[in-house]
file structure_12.pdb (PDB, C-alpha atoms)
ATOM      1  CA  MET D  54     -36.407  17.056 -18.789
ATOM      2  CA  ALA D  55     -35.144  14.308 -21.080
ATOM      3  CA  ARG D  56     -31.385  13.796 -21.263
ATOM      4  CA  THR D  57     -30.047  14.499 -24.757
ATOM      5  CA  ILE D  58     -26.649  14.103 -26.402
ATOM      6  CA  VAL D  59     -24.701  17.373 -26.614
ATOM      7  CA  LYS D  60     -21.441  16.010 -28.018
ATOM      8  CA  GLN D  61     -20.195  12.579 -29.048
ATOM      9  CA  VAL D  62     -16.599  11.549 -29.723
ATOM     10  CA  LYS D  63     -14.844   8.209 -29.895
ATOM     11  CA  ASN D  64     -15.434   6.379 -26.567
ATOM     12  CA  ALA D  65     -17.258   9.292 -24.891
ATOM     13  CA  ILE D  66     -20.613  11.091 -24.893
ATOM     14  CA  LEU D  67     -21.509  14.390 -23.194
ATOM     15  CA  TYR D  68     -25.169  14.729 -22.170
ATOM     16  CA  SER D  69     -27.327  17.794 -21.598
ATOM     17  CA  ASP D  70     -27.418  17.273 -17.809
ATOM     18  CA  GLY D  71     -23.611  17.445 -17.567
ATOM     19  CA  CYS D  72     -23.092  13.694 -17.313
ATOM     20  CA  VAL D  73     -20.387  12.046 -19.415
ATOM     21  CA  ARG D  74     -20.265   8.415 -20.491
ATOM     22  CA  ILE D  75     -16.797   6.973 -21.103
ATOM     23  CA  ASP D  76     -16.713   3.613 -22.850
ATOM     24  CA  ASN D  77     -14.233   0.724 -22.905
ATOM     25  CA  VAL D  78     -12.134   1.553 -19.858
ATOM     26  CA  ARG D  79     -10.453  -0.998 -17.575
ATOM     27  CA  ALA D  80     -12.002  -1.227 -14.122
ATOM     28  CA  SER D  81      -9.474  -0.664 -11.360
ATOM     29  CA  TYR D  82     -10.353  -0.721  -7.656
ATOM     30  CA  PRO D  83     -14.074  -1.281  -8.252
ATOM     31  CA  HIS D  84     -16.034  -0.789  -5.020
ATOM     32  CA  ILE D  85     -19.556  -0.744  -6.373
ATOM     33  CA  ASP D  86     -21.122  -3.688  -4.562
ATOM     34  CA  LYS D  87     -20.773  -1.908  -1.204
ATOM     35  CA  PRO D  88     -19.274   1.382   0.023
ATOM     36  CA  TRP D  89     -15.559   1.339   0.864
ATOM     37  CA  ALA D  90     -13.079   3.693   2.516
ATOM     38  CA  LYS D  91      -9.291   3.577   2.278
ATOM     39  CA  ASN D  92      -8.810   4.982   5.794
ATOM     40  CA  GLU D  93     -10.819   4.499   8.971
ATOM     41  CA  ASP D  94     -11.551   8.211   9.250
ATOM     42  CA  ASP D  95     -12.849   8.484   5.678
ATOM     43  CA  ARG D  96     -16.516   8.174   4.793
ATOM     44  CA  PRO D  97     -17.137   4.916   2.878
ATOM     45  CA  LYS D  98     -18.267   5.483  -0.711
ATOM     46  CA  PHE D  99     -19.081   3.564  -3.855
ATOM     47  CA  SER D 100     -16.175   4.130  -6.244
ATOM     48  CA  ILE D 101     -14.290   2.991  -9.305
ATOM     49  CA  THR D 102     -11.148   4.000 -11.164
ATOM     50  CA  GLY D 103     -11.365   3.763 -14.947
ATOM     51  CA  LEU D 104      -8.177   3.277 -16.950
ATOM     52  CA  ALA D 105      -8.546   4.666 -20.466
ATOM     53  CA  PRO D 106      -5.780   3.735 -22.962
ATOM     54  CA  LYS D 107      -4.218   6.884 -24.400
ATOM     55  CA  GLU D 108      -4.031   5.477 -27.932
ATOM     56  CA  THR D 109      -7.814   4.953 -28.085
ATOM     57  CA  HIS D 110      -9.175   7.599 -25.696
ATOM     58  CA  ASP D 111      -7.504  10.852 -26.786
ATOM     59  CA  ALA D 112     -10.811  12.373 -27.926
ATOM     60  CA  ALA D 113     -12.539  11.201 -24.731
ATOM     61  CA  LYS D 114      -9.777  12.773 -22.642
ATOM     62  CA  ALA D 115     -10.104  16.049 -24.575
ATOM     63  CA  LEU D 116     -13.858  16.094 -23.930
ATOM     64  CA  LEU D 117     -13.275  15.583 -20.193
ATOM     65  CA  VAL D 118     -10.650  18.342 -20.136
ATOM     66  CA  GLU D 119     -13.214  20.697 -21.729
ATOM     67  CA  GLN D 120     -15.660  19.925 -18.913
ATOM     68  CA  ILE D 121     -12.988  20.357 -16.244
ATOM     69  CA  ASN D 122     -11.911  23.730 -17.673
ATOM     70  CA  ALA D 123     -15.542  24.903 -17.873
ATOM     71  CA  LEU D 124     -16.059  23.981 -14.192
ATOM     72  CA  LEU D 125     -12.828  25.724 -13.167
ATOM     73  CA  THR D 126     -14.127  28.887 -14.841
ATOM     74  CA  SER D 127     -17.746  28.741 -13.641
ATOM     75  CA  SER D 128     -16.757  27.970 -10.041
ATOM     76  CA  LYS D 129     -14.061  30.669 -10.072
ATOM     77  CA  ILE D 130     -11.487  28.178  -8.795
ATOM     78  CA  GLY D 131      -8.924  29.109 -11.429
ATOM     79  CA  LYS D 132      -5.886  26.871 -11.808
ATOM     80  CA  LEU D 133      -5.725  23.554  -9.985
ATOM     81  CA  ALA D 134      -2.960  20.958  -9.589
ATOM     82  CA  GLY D 135      -3.486  17.622 -11.319
ATOM     83  CA  GLU D 136      -3.935  15.634  -8.104
ATOM     84  CA  HIS D 137      -7.069  17.685  -7.351
ATOM     85  CA  LYS D 138      -8.852  16.617 -10.553
ATOM     86  CA  PHE D 139     -10.728  13.380 -11.244
ATOM     87  CA  LEU D 140      -8.805  12.973 -14.532
ATOM     88  CA  ARG D 141      -5.090  12.241 -14.191
ATOM     89  CA  ASN D 142      -2.116  11.034 -16.198
ATOM     90  CA  GLY D 143      -1.484   7.380 -15.368
ATOM     91  CA  ASP D 144       2.210   7.696 -16.259
ATOM     92  CA  ASP D 145       2.614   9.802 -13.104
ATOM     93  CA  SER D 146       0.931   7.286 -10.789
ATOM     94  CA  GLY D 147       3.825   4.846 -10.317
ATOM     95  CA  LYS D 148       1.453   1.931 -10.947
ATOM     96  CA  ASP D 149       2.197  -0.548 -13.727
ATOM     97  CA  GLU D 150      -1.433  -0.997 -14.766
ATOM     98  CA  ALA D 151      -1.844   2.785 -15.222
ATOM     99  CA  GLU D 152       1.110   3.215 -17.598
ATOM    100  CA  GLY D 153      -0.094   4.630 -20.927
ATOM    101  CA  MET D 154      -3.539   5.346 -19.479
ATOM    102  CA  TRP D 155      -5.715   8.285 -18.552
ATOM    103  CA  VAL D 156      -6.960   7.648 -15.016
ATOM    104  CA  ILE D 157     -10.592   8.572 -14.264
ATOM    105  CA  LYS D 158     -11.677   8.483 -10.600
ATOM    106  CA  ALA D 159     -15.351   8.626  -9.668
ATOM    107  CA  SER D 160     -17.270   7.980  -6.460
ATOM    108  CA  GLU D 161     -20.740   8.266  -4.949
ATOM    109  CA  ASN D 162     -22.136   8.662  -1.447
ATOM    110  CA  PRO D 163     -23.304   5.471   0.311
ATOM    111  CA  ASP D 164     -26.966   6.503   0.185
ATOM    112  CA  ARG D 165     -26.902   6.739  -3.630
ATOM    113  CA  ARG D 166     -25.895   3.394  -5.102
ATOM    114  CA  PRO D 167     -24.761   3.699  -8.737
ATOM    115  CA  SER D 168     -26.682   1.561 -11.192
ATOM    116  CA  VAL D 169     -24.675  -1.454 -12.354
ATOM    117  CA  ARG D 170     -25.656  -3.225 -15.568
ATOM    118  CA  ASN D 171     -24.652  -6.201 -17.681
ATOM    119  CA  GLN D 172     -23.850  -6.062 -21.405
ATOM    120  CA  ARG D 173     -27.558  -6.192 -22.257
ATOM    121  CA  GLY D 174     -28.241  -3.150 -20.103
ATOM    122  CA  ASN D 175     -30.068  -5.069 -17.380
ATOM    123  CA  ILE D 176     -29.569  -3.992 -13.755
ATOM    124  CA  LEU D 177     -27.469  -6.391 -11.662
ATOM    125  CA  ALA D 178     -28.565  -7.345  -8.154
ATOM    126  CA  PRO D 179     -26.187  -6.202  -5.369
ATOM    127  CA  ASP D 180     -24.998  -9.785  -4.759
ATOM    128  CA  GLU D 181     -24.063 -10.169  -8.464
ATOM    129  CA  ILE D 182     -21.955  -7.023  -8.757
ATOM    130  CA  ALA D 183     -18.641  -8.087  -7.182
ATOM    131  CA  GLU D 184     -18.364 -11.140  -9.440
ATOM    132  CA  ALA D 185     -19.432  -9.288 -12.596
ATOM    133  CA  ILE D 186     -17.301  -6.145 -12.195
ATOM    134  CA  TYR D 187     -13.781  -7.260 -11.263
ATOM    135  CA  PRO D 188     -10.413  -5.456 -11.436
ATOM    136  CA  GLY D 189      -9.255  -5.596 -15.062
ATOM    137  CA  CYS D 190     -12.575  -6.106 -16.825
ATOM    138  CA  PHE D 191     -13.779  -3.544 -19.368
ATOM    139  CA  VAL D 192     -16.622  -1.230 -18.409
ATOM    140  CA  ASN D 193     -18.541   1.803 -19.587
ATOM    141  CA  ILE D 194     -18.952   4.410 -16.854
ATOM    142  CA  LEU D 195     -21.377   7.309 -16.508
ATOM    143  CA  ILE D 196     -20.016  10.168 -14.404
ATOM    144  CA  ARG D 197     -21.082  13.693 -13.459
ATOM    145  CA  PRO D 198     -18.154  16.117 -13.049
ATOM    146  CA  TRP D 199     -18.603  18.861 -10.446
ATOM    147  CA  ALA D 200     -16.579  21.580  -8.750
ATOM    148  CA  GLN D 201     -15.810  21.482  -5.025
ATOM    149  CA  ASN D 202     -14.931  24.841  -3.504
ATOM    150  CA  ASN D 203     -15.459  24.776   0.253
ATOM    151  CA  LYS D 204     -13.707  24.350   3.611
ATOM    152  CA  HIS D 205     -12.590  20.847   2.557
ATOM    153  CA  GLY D 206     -10.641  22.233  -0.385
ATOM    154  CA  LYS D 207     -10.834  22.994  -4.077
ATOM    155  CA  LYS D 208     -11.234  20.058  -6.446
ATOM    156  CA  ILE D 209     -12.913  18.924  -9.627
ATOM    157  CA  ASN D 210     -14.597  15.651  -8.675
ATOM    158  CA  ALA D 211     -16.821  13.183 -10.501
ATOM    159  CA  ASN D 212     -19.909  11.466  -9.142
ATOM    160  CA  LEU D 213     -20.317   7.848 -10.234
ATOM    161  CA  ILE D 214     -23.802   7.523 -11.737
ATOM    162  CA  GLY D 215     -23.600   4.115 -13.383
ATOM    163  CA  VAL D 216     -21.370   1.277 -14.561
ATOM    164  CA  GLN D 217     -21.941  -1.231 -17.365
ATOM    165  CA  PHE D 218     -19.907  -4.383 -17.870
ATOM    166  CA  ALA D 219     -18.448  -4.174 -21.391
ATOM    167  CA  GLY D 220     -16.153  -7.205 -21.653
ATOM    168  CA  ASN D 221     -13.681  -9.501 -19.966
ATOM    169  CA  GLY D 222     -10.057  -8.518 -19.453
ATOM    170  CA  GLU D 223      -7.010  -9.875 -17.678
ATOM    171  CA  ARG D 224      -7.614  -9.560 -13.948
ATOM    172  CA  PHE D 225      -5.416  -7.109 -12.046
ATOM    173  CA  GLY D 226      -3.657  -8.560  -9.013
ATOM    174  CA  GLU D 227      -3.901 -12.130  -7.858
ATOM    175  CA  ALA D 228      -7.023 -14.085  -8.654
ATOM    176  CA  PRO D 229      -8.777 -15.887  -5.780
ATOM    177  CA  ILE D 230      -7.123 -19.240  -5.024
ATOM    178  CA  ASP D 231      -9.201 -22.206  -6.147
ATOM    179  CA  ASP D 232      -9.468 -24.813  -3.380
ATOM    180  CA  GLU D 233     -11.873 -27.165  -5.179
ATOM    181  CA  ASP D 234      -9.392 -30.054  -5.478
ATOM    182  CA  VAL D 235      -8.250 -30.270  -1.827
ATOM    183  CA  TRP D 236     -11.457 -31.339  -0.082
ATOM    184  CA  ASP D 237     -12.806 -34.845   0.430
ATOM    185  CA  GLU D 238     -16.385 -35.752   1.131
ATOM    186  CA  ILE D 239     -16.912 -36.405   4.838
ATOM    187  CA  GLU D 240     -19.251 -39.251   5.657
ATOM    188  CA  ALA D 241     -20.756 -38.664   9.047
ATOM    189  CA  ASP D 242     -24.116 -38.591  10.729
ATOM    190  CA  ASP D 243     -25.348 -35.791  12.933
ATOM    191  CA  ASP D 244     -24.260 -37.601  16.147
ATOM    192  CA  ASP D 245     -20.584 -37.225  15.180
ATOM    193  CA  PHE D 246     -20.857 -33.507  15.733
ATOM    194  CA  GLY D 247     -22.037 -33.830  19.332
ATOM    195  CA  ASP D 248     -24.957 -32.299  21.125
ATOM    196  CA  ASP D 249     -25.785 -28.630  21.105
ATOM    197  CA  ASP D 250     -25.347 -28.796  24.883
ATOM    198  CA  ASP D 251     -21.632 -29.559  24.393
ATOM    199  CA  LEU D 252     -21.029 -26.128  22.922
TER     200      LEU D 252
END

call {"tool": "encode", "arguments": {"input": "structure_12.pdb", "output": "structure tokens"}}
result
Amino acid sequence: MARTIVKQVKNAILYSDGCVRIDNVRASYPHIDKPWAKNEDDRPKFSITGLAPKETHDAAKALLVEQINALLTSSKIGKLAGEHKFLRNGDDSGKDEAEGMWVIKASENPDRRPSVRNQRGNILAPDEIAEAIYPGCFVNILIRPWAQNNKHGKKINANLIGVQFAGNGERFGEAPIDDEDVWDEIEADDDDFGDDDDL
């Protein structure tokens, strides 16, 4: 069945299959080139945290809250603390970059790589992703909210379906150190490195 638009607001679109696209969010902790786990015991996953400015994403946040509330009702979970939802208030995080933001966390299992696209909508190769999607750049993200109600707990999570680079932004954290100007060209022939037998 073809995916159709059910509802569209500023910076967000709800689709008929339950997916939601949120546009123009800052990428924080992007792990979409390869699966990553915070702790050794955790299962590595593809993941990203989207930071949505409150002054521009109020309608998008309201749309996400509607989906969360619908899932809480349909799954019979009832009330749930904020830390168990994929949408959180950045002012409560204690992180400078999340101040004044709605925080959207989404992840995907390692056997289902999210699609990652450039501004033209073309798919990026896995070896291009880490350079293209960096902490602080702007992205559009496609997520699928779902309710977890099992032995591992009760949560409203979001699968990460796709990410699109939307624009450059100031990089979070320290940028890689450029070492281009410290190296000299070494003039040597192969004999200077010895024989393989010397190893």

call {"tool": "resolve_selection", "arguments": {"input": "structure_12.pdb", "expression": "the PyMOL selection byres ((chain D and resi 54-56) around 8)", "output": "compact mmCIF listing (two decimals) with C-alpha atoms, in the coordinates of the input"}}
result
# COMPACT_ATOMS: atom_id res chain seq x y z
CA THR D 57 -30.05 14.50 -24.76
CA ILE D 58 -26.65 14.10 -26.40
CA TYR D 68 -25.17 14.73 -22.17
CA SER D 69 -27.33 17.79 -21.60
CA ASP D 70 -27.42 17.27 -17.81

call {"tool": "atom_distance", "arguments": {"input": "structure_12.pdb", "atom1": "CA of Val156 (chain D)", "atom2": "CA of Ile209 (chain D)"}}
result
13.8 Å

call {"tool": "atom_distance", "arguments": {"input": "structure_12.pdb", "atom1": "CA of Lys138 (chain D)", "atom2": "CA of Ala183 (chain D)"}}
result
26.8 Å

call {"tool": "residues_around", "arguments": {"input": "structure_12.pdb", "residues": "region 146-148 of chain D", "least_positions_apart": "4", "cutoff": "12 Å", "atoms": "only C-alpha atoms", "output": "PDB file with C-alpha atoms, in the coordinates of the input"}}
result
ATOM      1  CA  SER D  81      -9.474  -0.664 -11.360  1.00  0.00           C
ATOM      2  CA  LEU D 104      -8.177   3.277 -16.950  1.00  0.00           C
ATOM      3  CA  GLY D 135      -3.486  17.622 -11.319  1.00  0.00           C
ATOM      4  CA  GLU D 136      -3.935  15.634  -8.104  1.00  0.00           C
ATOM      5  CA  LEU D 140      -8.805  12.973 -14.532  1.00  0.00           C
ATOM      6  CA  ARG D 141      -5.090  12.241 -14.191  1.00  0.00           C
ATOM      7  CA  ASN D 142      -2.116  11.034 -16.198  1.00  0.00           C
ATOM      8  CA  GLU D 152       1.110   3.215 -17.598  1.00  0.00           C
ATOM      9  CA  GLY D 153      -0.094   4.630 -20.927  1.00  0.00           C
ATOM     10  CA  MET D 154      -3.539   5.346 -19.479  1.00  0.00           C
ATOM     11  CA  TRP D 155      -5.715   8.285 -18.552  1.00  0.00           C
ATOM     12  CA  VAL D 156      -6.960   7.648 -15.016  1.00  0.00           C
ATOM     13  CA  PHE D 225      -5.416  -7.109 -12.046  1.00  0.00           C
ATOM     14  CA  GLY D 226      -3.657  -8.560  -9.013  1.00  0.00           C
TER      15      GLY D 226
END

call {"tool": "closest_residue", "arguments": {"input": "structure_12.pdb", "among": "D:Gln120, D:Asn162, D:Asn77, D:Gln61", "to": "Arg96 (chain D)", "atoms": "all atoms listed in the file"}}
result
D:Asn162

call {"tool": "resolve_selection", "arguments": {"input": "structure_12.pdb", "expression": "the PyMOL selection byres ((chain D and resi 72) around 10)", "output": "list in words"}}
result
Arg56, Ile58, Ile66, Leu67, Tyr68, Ser69, Asp70, Gly71, Val73, Arg74, Ile75, Gln120, Leu195, Ile196, Arg197, Pro198, Trp199, Ala211, Asn212, Leu213 and Ile214 of chain D

call {"tool": "residues_around", "arguments": {"input": "structure_12.pdb", "residues": "His137 (chain D)", "least_positions_apart": "4", "cutoff": "10 Å", "atoms": "only C-alpha atoms", "output": "PyMOL selection string"}}
result
chain D and resi 133+141+201+206-210

call {"tool": "closest_residue", "arguments": {"input": "structure_12.pdb", "among": "D:Ile157, D:Ala134, D:Val62, D:Val78", "to": "Leu116 (chain D)", "atoms": "all atoms listed in the file"}}
result
D:Val62

call {"tool": "closest_residue", "arguments": {"input": "structure_12.pdb", "among": "D:Arg165, D:Arg79, D:Arg224, D:Lys87", "to": "Ala178 (chain D)", "atoms": "all atoms listed in the file"}}
result
D:Lys87

call {"tool": "resolve_selection", "arguments": {"input": "structure_12.pdb", "expression": "the PyMOL selection byres ((chain D and resi 166) around 10)", "output": "PDB file with C-alpha atoms, in the coordinates of the input"}}
result
ATOM      1  CA  ILE D  85     -19.556  -0.744  -6.373  1.00  0.00           C
ATOM      2  CA  ASP D  86     -21.122  -3.688  -4.562  1.00  0.00           C
ATOM      3  CA  LYS D  87     -20.773  -1.908  -1.204  1.00  0.00           C
ATOM      4  CA  PRO D  88     -19.274   1.382   0.023  1.00  0.00           C
ATOM      5  CA  LYS D  98     -18.267   5.483  -0.711  1.00  0.00           C
ATOM      6  CA  PHE D  99     -19.081   3.564  -3.855  1.00  0.00           C
ATOM      7  CA  SER D 100     -16.175   4.130  -6.244  1.00  0.00           C
ATOM      8  CA  SER D 160     -17.270   7.980  -6.460  1.00  0.00           C
ATOM      9  CA  GLU D 161     -20.740   8.266  -4.949  1.00  0.00           C
ATOM     10  CA  ASN D 162     -22.136   8.662  -1.447  1.00  0.00           C
ATOM     11  CA  PRO D 163     -23.304   5.471   0.311  1.00  0.00           C
ATOM     12  CA  ASP D 164     -26.966   6.503   0.185  1.00  0.00           C
ATOM     13  CA  ARG D 165     -26.902   6.739  -3.630  1.00  0.00           C
ATOM     14  CA  PRO D 167     -24.761   3.699  -8.737  1.00  0.00           C
ATOM     15  CA  SER D 168     -26.682   1.561 -11.192  1.00  0.00           C
ATOM     16  CA  VAL D 169     -24.675  -1.454 -12.354  1.00  0.00           C
ATOM     17  CA  PRO D 179     -26.187  -6.202  -5.369  1.00  0.00           C
ATOM     18  CA  LEU D 213     -20.317   7.848 -10.234  1.00  0.00           C
ATOM     19  CA  ILE D 214     -23.802   7.523 -11.737  1.00  0.00           C
ATOM     20  CA  GLY D 215     -23.600   4.115 -13.383  1.00  0.00           C
TER      21      GLY D 215
END

call {"tool": "closest_residue", "arguments": {"input": "structure_12.pdb", "among": "D:Gly131, D:Pro188, D:Gly220, D:Gly143", "to": "Arg170 (chain D)", "atoms": "only C-alpha atoms"}}
result
D:Gly220

call {"tool": "atom_distance", "arguments": {"input": "structure_12.pdb", "atom1": "CA of Phe139 (chain D)", "atom2": "CA of Asn221 (chain D)"}}
result
24.7 Å

call {"tool": "closest_residue", "arguments": {"input": "structure_12.pdb", "among": "D:Ala80, D:Ala65, D:Ile176, D:Ile186", "to": "Asp111 (chain D)", "atoms": "all atoms listed in the file"}}
result
D:Ala65

call {"tool": "closest_residue", "arguments": {"input": "structure_12.pdb", "among": "D:Asn64, D:Thr102, D:Gln217, D:Asn175", "to": "Lys158 (chain D)", "atoms": "all atoms listed in the file"}}
result
D:Thr102
